[in-house]
Every structure is written in C-alpha cells, then in structure tokens.
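K.L.:
The following file, final-v3.cif, comprises mmCIF, C-alpha atoms:
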data_my_file
#
loop_
_atom_site.group_PDB
_atom_site.id
_atom_site.type_symbol
_atom_site.label_atom_id
_atom_site.label_comp_id
_atom_site.auth_asym_id
_atom_site.auth_seq_id
_atom_site.Cartn_x
_atom_site.Cartn_y
_atom_site.Cartn_z
ATOM 1 C CA ARG A 1 3.538 14.293 14.895
ATOM 2 C CA LEU A 2 2.605 14.963 11.264
ATOM 3 C CA LEU A 3 4.093 18.219 9.960
ATOM 4 C CA ALA A 4 3.474 20.276 6.824
ATOM 5 C CA VAL A 5 6.559 22.360 6.017
ATOM 6 C CA ASP A 6 6.817 25.238 3.543
ATOM 7 C CA ALA A 7 9.649 24.128 1.257
ATOM 8 C CA ALA A 8 10.644 27.690 0.285
ATOM 9 C CA GLU A 9 10.378 29.417 3.669
ATOM 10 C CA HIS A 10 11.351 26.394 5.812
ATOM 11 C CA THR A 11 8.508 27.125 8.206
ATOM 12 C CA ILE A 12 5.895 24.809 9.688
ATOM 13 C CA LEU A 13 2.512 25.457 8.079
ATOM 14 C CA TRP A 14 0.599 23.148 10.424
ATOM 15 C CA SER A 15 1.084 20.087 12.588
ATOM 16 C CA GLN A 16 -1.078 17.307 13.977
ATOM 17 C CA GLN A 17 -0.208 15.312 17.077
ATOM 18 C CA CYS A 18 -0.802 11.569 16.686
ATOM 19 C CA PRO A 19 -1.497 9.323 19.712
ATOM 20 C CA LYS A 20 1.601 7.182 19.057
ATOM 21 C CA PRO A 21 4.688 7.229 16.787
ATOM 22 C CA VAL A 22 4.444 7.269 12.995
ATOM 23 C CA PHE A 23 6.784 4.840 11.212
ATOM 24 C CA ALA A 24 4.979 4.804 7.852
ATOM 25 C CA SER A 25 5.680 7.476 5.253
ATOM 26 C CA PRO A 26 2.832 9.962 4.746
ATOM 27 C CA LEU A 27 0.895 9.523 1.506
ATOM 28 C CA LEU A 28 -0.317 12.392 -0.651
ATOM 29 C CA THR A 29 -3.582 11.698 -2.521
ATOM 30 C CA PRO A 30 -5.687 14.043 -4.690
ATOM 31 C CA THR A 31 -8.041 14.643 -1.757
ATOM 32 C CA GLY A 32 -5.775 14.659 1.305
ATOM 33 C CA ILE A 33 -2.774 13.376 3.245
ATOM 34 C CA ILE A 34 -2.829 9.855 4.662
ATOM 35 C CA CYS A 35 -0.985 9.163 7.916
ATOM 36 C CA ALA A 36 -0.750 5.567 9.218
ATOM 37 C CA CYS A 37 0.056 5.346 12.918
ATOM 38 C CA VAL A 38 1.398 2.765 15.380
ATOM 39 C CA ASP A 39 -1.890 3.121 17.295
ATOM 40 C CA GLY A 40 -3.563 1.035 14.551
ATOM 41 C CA TRP A 41 -5.457 3.937 12.996
ATOM 42 C CA VAL A 42 -5.093 5.477 9.552
ATOM 43 C CA TYR A 43 -5.839 9.194 9.473
ATOM 44 C CA CYS A 44 -6.655 11.429 6.510
ATOM 45 C CA PHE A 45 -6.093 15.179 6.771
ATOM 46 C CA ASP A 46 -6.993 17.856 4.239
ATOM 47 C CA PHE A 47 -4.279 20.178 2.923
ATOM 48 C CA GLN A 48 -4.905 22.637 5.777
ATOM 49 C CA GLY A 49 -4.374 19.958 8.423
ATOM 50 C CA LEU A 50 -8.011 19.277 9.344
ATOM 51 C CA LEU A 51 -9.041 15.660 9.985
ATOM 52 C CA LEU A 52 -11.283 14.335 7.193
ATOM 53 C CA TRP A 53 -11.672 10.712 8.326
ATOM 54 C CA GLN A 54 -10.013 7.902 10.259
ATOM 55 C CA PHE A 55 -10.004 4.122 9.874
ATOM 56 C CA GLN A 56 -9.221 1.603 12.618
ATOM 57 C CA THR A 57 -7.263 -1.570 11.876
ATOM 58 C CA GLY A 58 -6.633 -4.494 14.219
ATOM 59 C CA ALA A 59 -3.025 -3.627 15.117
ATOM 60 C CA SER A 60 -0.087 -1.266 14.548
ATOM 61 C CA VAL A 61 0.651 0.038 11.051
ATOM 62 C CA PHE A 62 4.289 0.216 9.927
ATOM 63 C CA SER A 63 3.540 -0.310 6.230
ATOM 64 C CA SER A 64 3.501 2.907 4.191
ATOM 65 C CA PRO A 65 0.203 3.282 2.319
ATOM 66 C CA THR A 66 0.183 3.250 -1.491
ATOM 67 C CA PHE A 67 -2.253 5.142 -3.712
ATOM 68 C CA PHE A 68 -3.531 4.084 -7.123
ATOM 69 C CA GLY A 69 -6.253 5.974 -8.934
ATOM 70 C CA ALA A 70 -7.404 8.533 -11.421
ATOM 71 C CA GLU A 71 -6.017 12.047 -11.624
ATOM 72 C CA CYS A 72 -8.418 14.548 -10.067
ATOM 73 C CA ASP A 73 -8.317 17.692 -7.954
ATOM 74 C CA SER A 74 -9.265 18.124 -4.304
ATOM 75 C CA THR A 75 -12.616 19.740 -5.196
ATOM 76 C CA SER A 76 -13.849 16.753 -7.225
ATOM 77 C CA SER A 77 -16.588 14.739 -5.516
ATOM 78 C CA ASP A 78 -16.300 11.769 -7.887
ATOM 79 C CA CYS A 79 -12.573 11.108 -7.543
ATOM 80 C CA ILE A 80 -11.870 7.372 -7.624
ATOM 81 C CA GLY A 81 -8.814 5.826 -6.021
ATOM 82 C CA HIS A 82 -7.508 3.039 -3.800
ATOM 83 C CA ILE A 83 -5.335 3.300 -0.679
ATOM 84 C CA VAL A 84 -3.553 0.013 0.109
ATOM 85 C CA PHE A 85 -1.450 -0.891 3.162
ATOM 86 C CA GLY A 86 -0.594 -3.780 5.465
ATOM 87 C CA THR A 87 -0.689 -4.102 9.256
ATOM 88 C CA HIS A 88 0.540 -6.135 12.222
ATOM 89 C CA ASP A 89 -2.853 -7.859 12.350
ATOM 90 C CA LYS A 90 -1.674 -9.905 9.332
ATOM 91 C CA CYS A 91 -4.029 -8.176 6.885
ATOM 92 C CA VAL A 92 -3.757 -6.089 3.747
ATOM 93 C CA TYR A 93 -6.393 -3.361 3.570
ATOM 94 C CA CYS A 94 -7.778 -1.386 0.647
ATOM 95 C CA LEU A 95 -9.690 1.835 1.376
ATOM 96 C CA SER A 96 -11.496 4.308 -0.853
ATOM 97 C CA LEU A 97 -10.478 7.970 -0.859
ATOM 98 C CA ASN A 98 -13.333 8.518 1.602
ATOM 99 C CA GLY A 99 -11.862 6.023 4.079
ATOM 100 C CA GLU A 100 -14.388 3.268 3.367
ATOM 101 C CA LEU A 101 -13.152 -0.332 3.451
ATOM 102 C CA GLN A 102 -13.130 -1.826 -0.056
ATOM 103 C CA TRP A 103 -11.624 -5.169 0.961
ATOM 104 C CA SER A 104 -9.163 -6.827 3.332
ATOM 105 C CA PHE A 105 -6.959 -9.848 2.696
ATOM 106 C CA PRO A 106 -5.566 -12.172 5.438
ATOM 107 C CA ALA A 107 -1.834 -12.859 5.048
ATOM 108 C CA ASP A 108 0.183 -15.567 6.821
ATOM 109 C CA GLY A 109 2.150 -13.053 8.883
ATOM 110 C CA GLN A 110 2.514 -9.403 9.817
ATOM 111 C CA VAL A 111 2.950 -6.959 6.935
ATOM 112 C CA TYR A 112 5.741 -4.383 7.266
ATOM 113 C CA SER A 113 6.192 -4.187 3.493
ATOM 114 C CA SER A 114 4.623 -1.281 1.638
ATOM 115 C CA PRO A 115 2.483 -2.553 -1.252
ATOM 116 C CA PHE A 116 3.425 -1.857 -4.867
ATOM 117 C CA VAL A 117 0.562 -1.451 -7.338
ATOM 118 C CA ALA A 118 1.208 -2.145 -11.021
ATOM 119 C CA GLU A 119 -0.914 -2.294 -14.134
ATOM 120 C CA LEU A 120 -0.397 -5.595 -15.940
ATOM 121 C CA ASN A 121 -1.127 -6.097 -19.614
ATOM 122 C CA ALA A 122 -2.118 -9.107 -21.697
ATOM 123 C CA ASN A 123 1.465 -10.446 -21.542
ATOM 124 C CA HIS A 124 0.795 -11.242 -17.877
ATOM 125 C CA GLY A 125 -2.191 -13.428 -18.683
ATOM 126 C CA SER A 126 -1.567 -15.759 -15.753
ATOM 127 C CA PHE A 127 -2.709 -12.959 -13.436
ATOM 128 C CA CYS A 128 -5.481 -11.390 -15.481
ATOM 129 C CA ASP A 129 -8.815 -12.997 -16.309
ATOM 130 C CA LYS A 130 -9.479 -10.410 -19.022
ATOM 131 C CA ARG A 131 -7.785 -9.701 -22.326
ATOM 132 C CA ASP A 132 -7.187 -6.062 -21.422
ATOM 133 C CA ALA A 133 -5.022 -4.683 -18.610
ATOM 134 C CA CYS A 134 -5.654 -5.404 -14.930
ATOM 135 C CA VAL A 135 -4.185 -3.830 -11.812
ATOM 136 C CA ALA A 136 -2.382 -5.949 -9.206
ATOM 137 C CA VAL A 137 -1.117 -5.332 -5.673
ATOM 138 C CA PHE A 138 2.270 -6.881 -4.817
ATOM 139 C CA VAL A 139 2.881 -7.193 -1.066
ATOM 140 C CA TRP A 140 4.993 -9.408 1.214
ATOM 141 C CA SER A 141 4.392 -10.782 4.680
ATOM 142 C CA THR A 142 7.236 -10.867 7.191
ATOM 143 C CA LEU A 143 7.264 -14.671 6.824
ATOM 144 C CA GLY A 144 8.572 -14.236 3.271
ATOM 145 C CA THR A 145 5.356 -14.802 1.313
ATOM 146 C CA LEU A 146 4.530 -12.692 -1.724
ATOM 147 C CA TYR A 147 0.862 -12.051 -2.410
ATOM 148 C CA VAL A 148 -0.338 -10.790 -5.766
ATOM 149 C CA LEU A 149 -3.856 -9.424 -5.269
ATOM 150 C CA ASP A 150 -6.417 -7.956 -7.637
ATOM 151 C CA LEU A 151 -6.668 -4.251 -6.748
ATOM 152 C CA HIS A 152 -10.420 -4.021 -7.247
ATOM 153 C CA SER A 153 -11.535 -7.181 -5.435
ATOM 154 C CA GLY A 154 -8.651 -8.256 -3.162
ATOM 155 C CA VAL A 155 -8.721 -11.745 -4.674
ATOM 156 C CA ARG A 156 -5.369 -13.558 -4.587
ATOM 157 C CA LEU A 157 -4.009 -13.980 -8.106
ATOM 158 C CA ALA A 158 -0.716 -15.661 -7.161
ATOM 159 C CA SER A 159 1.716 -16.219 -4.295
ATOM 160 C CA TYR A 160 5.398 -17.089 -3.880
ATOM 161 C CA SER A 161 7.651 -17.801 -0.881
ATOM 162 C CA LEU A 162 11.265 -16.846 -0.145
ATOM 163 C CA PRO A 163 13.588 -18.675 2.324
ATOM 164 C CA GLY A 164 13.668 -15.810 4.815
ATOM 165 C CA GLU A 165 11.723 -12.992 6.421
ATOM 166 C CA VAL A 166 10.808 -9.935 4.336
ATOM 167 C CA PHE A 167 10.593 -6.398 5.697
ATOM 168 C CA SER A 168 11.557 -4.792 2.378
ATOM 169 C CA SER A 169 9.023 -3.241 0.005
ATOM 170 C CA PRO A 170 8.791 -4.597 -3.549
ATOM 171 C CA VAL A 171 9.354 -2.669 -6.748
ATOM 172 C CA VAL A 172 7.924 -3.830 -10.081
ATOM 173 C CA VAL A 173 9.552 -2.719 -13.340
ATOM 174 C CA ASP A 174 8.139 -4.100 -16.597
ATOM 175 C CA ASN A 175 7.930 -7.854 -15.917
ATOM 176 C CA LYS A 176 10.442 -7.943 -13.045
ATOM 177 C CA LEU A 177 9.821 -7.715 -9.292
ATOM 178 C CA PHE A 178 12.702 -6.753 -6.974
ATOM 179 C CA ILE A 179 12.747 -7.483 -3.236
ATOM 180 C CA GLY A 180 15.264 -7.736 -0.397
ATOM 181 C CA CYS A 181 15.184 -10.658 2.068
ATOM 182 C CA ARG A 182 16.519 -11.252 5.603
ATOM 183 C CA ASN A 183 18.697 -14.092 4.224
ATOM 184 C CA ASP A 184 20.990 -11.315 2.880
ATOM 185 C CA TYR A 185 19.900 -11.673 -0.757
ATOM 186 C CA LEU A 186 18.275 -9.291 -3.194
ATOM 187 C CA TYR A 187 15.863 -11.166 -5.469
ATOM 188 C CA SER A 188 14.614 -10.430 -8.951
ATOM 189 C CA LEU A 189 11.462 -12.404 -9.798
ATOM 190 C CA GLU A 190 10.039 -12.621 -13.283
ATOM 191 C CA ILE A 191 6.326 -12.053 -13.840
ATOM 192 C CA SER A 192 5.765 -14.488 -16.656
ATOM 193 C CA TYR A 193 2.851 -15.545 -18.837
ATOM 194 C CA ARG A 194 1.596 -19.093 -18.290
ATOM 195 C CA LYS A 195 -1.072 -20.607 -20.539
#
Render the structure in this file as structure tokens.
P.N.:
Amino acid sequence: RLLAVDAAEHTILWSQQCPKPVFASPLLTPTGIICACVDGWVYCFDFQGLLLWQFQTGASVFSSPTFFGAECDSTSSDCIGHIVFGTHDKCVYCLSLNGELQWSFPADGQVYSSPFVAELNANHGSFCDKRDACVAVFVWSTLGTLYVLDLHSGVRLASYSLPGEVFSSPVVVDNKLFIGCRNDYLYSLEISYRK
C-alpha cells in the first residue's frame, strides 16, 4: 500500500492498494509520485492519489527509481525529466515523466541496486564524447558489474566488475564512487580521465 501522510497532523491523506508488496522507495517528481512494485509494474500517482500512468516491466522491481531533470511545477506541460530504475528481468529502464520508455539496457544479472545519476564535466573525458558536461547513470547488477550509461541514450560508457554480488546502491561524490559488496568490503572507485 502506498500512503500519503500529513506530516503535521499525522493523518493519512490518501492511500493506494498495490497488487503486491512494495520494496522500492517511492520517488517524488515534479509531476507525481512514482511507486515501483513487486508485480513488475511502475505506477505514477498525482499528488491527490489518482493514477496518472503505469508501465510494465518484465519482472519484479526492487530497485528504487531515481529522477534526474529540470525544475518545474506540476502544472507545466513541457517538464523534462528521466526516471531510471532496474528490475529482476536484468534490465535498466529509463522513462519520461509521462511514463514513456526512453531506453532500456540489458545487464548481466538482476538489478536490485538503485541507480545514481551524476553530471560529469570535462575532467571525466573518458566517459563524455563532448567537451561540455554529460550526465551518466551508475548502476550495479547483482553479479557485481558496474554499468556507466549515458542518461539520454542508454549507451554503455564504461563497466567494471567486483569480486562479489552487489545489492547496495552506489553514491558518486566528485570523482569518487562508493559501493558495498557481498564480499564484506566497501569500495571507493575513482572516476578518472583517460586520454
């Protein structure tokens, strides 16, 4: 069940019953609330709890969706943004704010990890094919493979493997990526420039 709770009054404003459990964290976007469900569907509700759209994947979704986009209000019809998440069908999906598929990327294993989206500058030239900034998606498969994908096209920019399964979600700070692994180690990977 997805609940909207009044933080001041501690009362339930509205609720929506989902067909199966929800393991992923809800995502707030400028146009609605995204709820990824174990039934393999991603649902978008408006701020009053009404269903706006739904998108079907090939398997359960445990990965919490991530949003990257321009600031805009809920009344704007030209709001641009990307919703990225992984699934048990071994794919990473990118949807528009209207629930339309922008791209999907096949990974080597199921994706529990929630993607991290970061803007990279010219110092990360190994990832970017332009001189200005580009935006990359960092996401891991459960088999321990990191995929760095271009946000706009879904093209793989780089990959890296760890010696263990990964259920953790990455965090990127400056030129460092942090991730936990099932081999009991926390890793810090450097995003470096290679000519």
K.L.:
For Arg156 in chain A, list every protein, DNA or RNA residue within 10 Å, evaluated using all atoms listed in the file, and leave out those in the same chain fewer than 3 positions away; present the list as a ChimeraX atom specification.
P.N.:
/A:105,127,136-137,147-151,153,159
K.L.:
Starting from 8 Å padding per side, set up an axis-aligned box that covers all listed atoms of range 147-157 of chain A and hand over centre and edge lengths in Å, one decimal, as lines of an AutoDock Vina configuration file.
P.N.:
center_x = -5.3
center_y = -9.0
center_z = -5.3
size_x = 28.4
size_y = 26.0
size_z = 21.7
K.L.:
Which distance in Å separates CA of Val5 in chain A and CA of Tyr43 in chain A, to one decimal?
P.N.:
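Calculated distance between CA of Val5 in chain A and CA of Tyr43 in chain A is 18.4 Å.
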K.L.:
Would you pick out the contacts of Leu51 in chain A at 12 Å or less, using only C-alpha atoms, so that residues sharing its chain but fewer than 3 positions from it are not included, and give the list as a list in words?
P.N.:
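Neighbouring residues, sequence-local ones excluded: Leu2, Ser15, Gln16, Gln17, Cys18, Thr31, Gly32, Ile33, Ile34, Cys35, Val42, Tyr43, Cys44, Phe45, Asp46, Phe47, Gln48, Gln54, Phe55, Asn98 and Gly99 of chain A.
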K.L.:
If I put a ball of radius 8 Å at (13.7, -8.6, 4.0) in the file's coordinates, which residues poke into it when counting only C-alpha atoms, written as a list in words?
P.N.:
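I get Thr142, Gly144, Gly164, Glu165, Val166, Phe167, Ser168, Ile179, Gly180, Cys181, Arg182, Asn183 and Asp184 of chain A for the residues within 8 Å of that point.
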K.L.:
Do you know which residues the PyMOL selection byres ((chain A and resi 110) around 7) returns on this file, as a list in words?
P.N.:
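Listing what the PyMOL selection byres ((chain A and resi 110) around 7) selects in the shown file: Thr87, His88, Asp89, Lys90, Gly109, Val111, Tyr112, Ser141 and Thr142 of chain A.
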K.L.:
Taking 3 positions as the minimum chain separation for residues in the same chain, which residues sit within 8 Å of range 65-67 of chain A when counting all atoms listed in the file? Answer as a list in words.
P.N.:
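Within the cut-off, the hits are Ala24, Ser25, Pro26, Leu27, Thr29, Ile34, Ala36, Gly81, His82, Ile83, Val84, Phe85, Gly86, Ser114, Pro115, Phe116 and Val117 of chain A.
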K.L.:
In Å, with one decimal, what is the gap from CA of Ser161 in chain A to CA of Leu143 in chain A?
P.N.:
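Between CA of Ser161 in chain A and CA of Leu143 in chain A the gap works out to 8.3 Å.
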K.L.:
What does the distance from CA of His152 in chain A to CA of Gln102 in chain A come to in Å, to one decimal?
P.N.:
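That distance, rounded to one decimal, is 8.0 Å.
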K.L.:
Give me the residues near Cys37 in chain A as a PDB file with C-alpha atoms, in the frame of the given file, where near means some atom within 7 Å (using all atoms listed in the file) and where sequence neighbours in that chain fewer than 6 positions away do not count.
P.N.:
ATOM      1  CA  LYS A  20       1.601   7.182  19.057  1.00  0.00           C
ATOM      2  CA  PRO A  21       4.688   7.229  16.787  1.00  0.00           C
ATOM      3  CA  VAL A  22       4.444   7.269  12.995  1.00  0.00           C
ATOM      4  CA  PHE A  23       6.784   4.840  11.212  1.00  0.00           C
ATOM      5  CA  SER A  60      -0.087  -1.266  14.548  1.00  0.00           C
ATOM      6  CA  VAL A  61       0.651   0.038  11.051  1.00  0.00           C
TER       7      VAL A  61
END
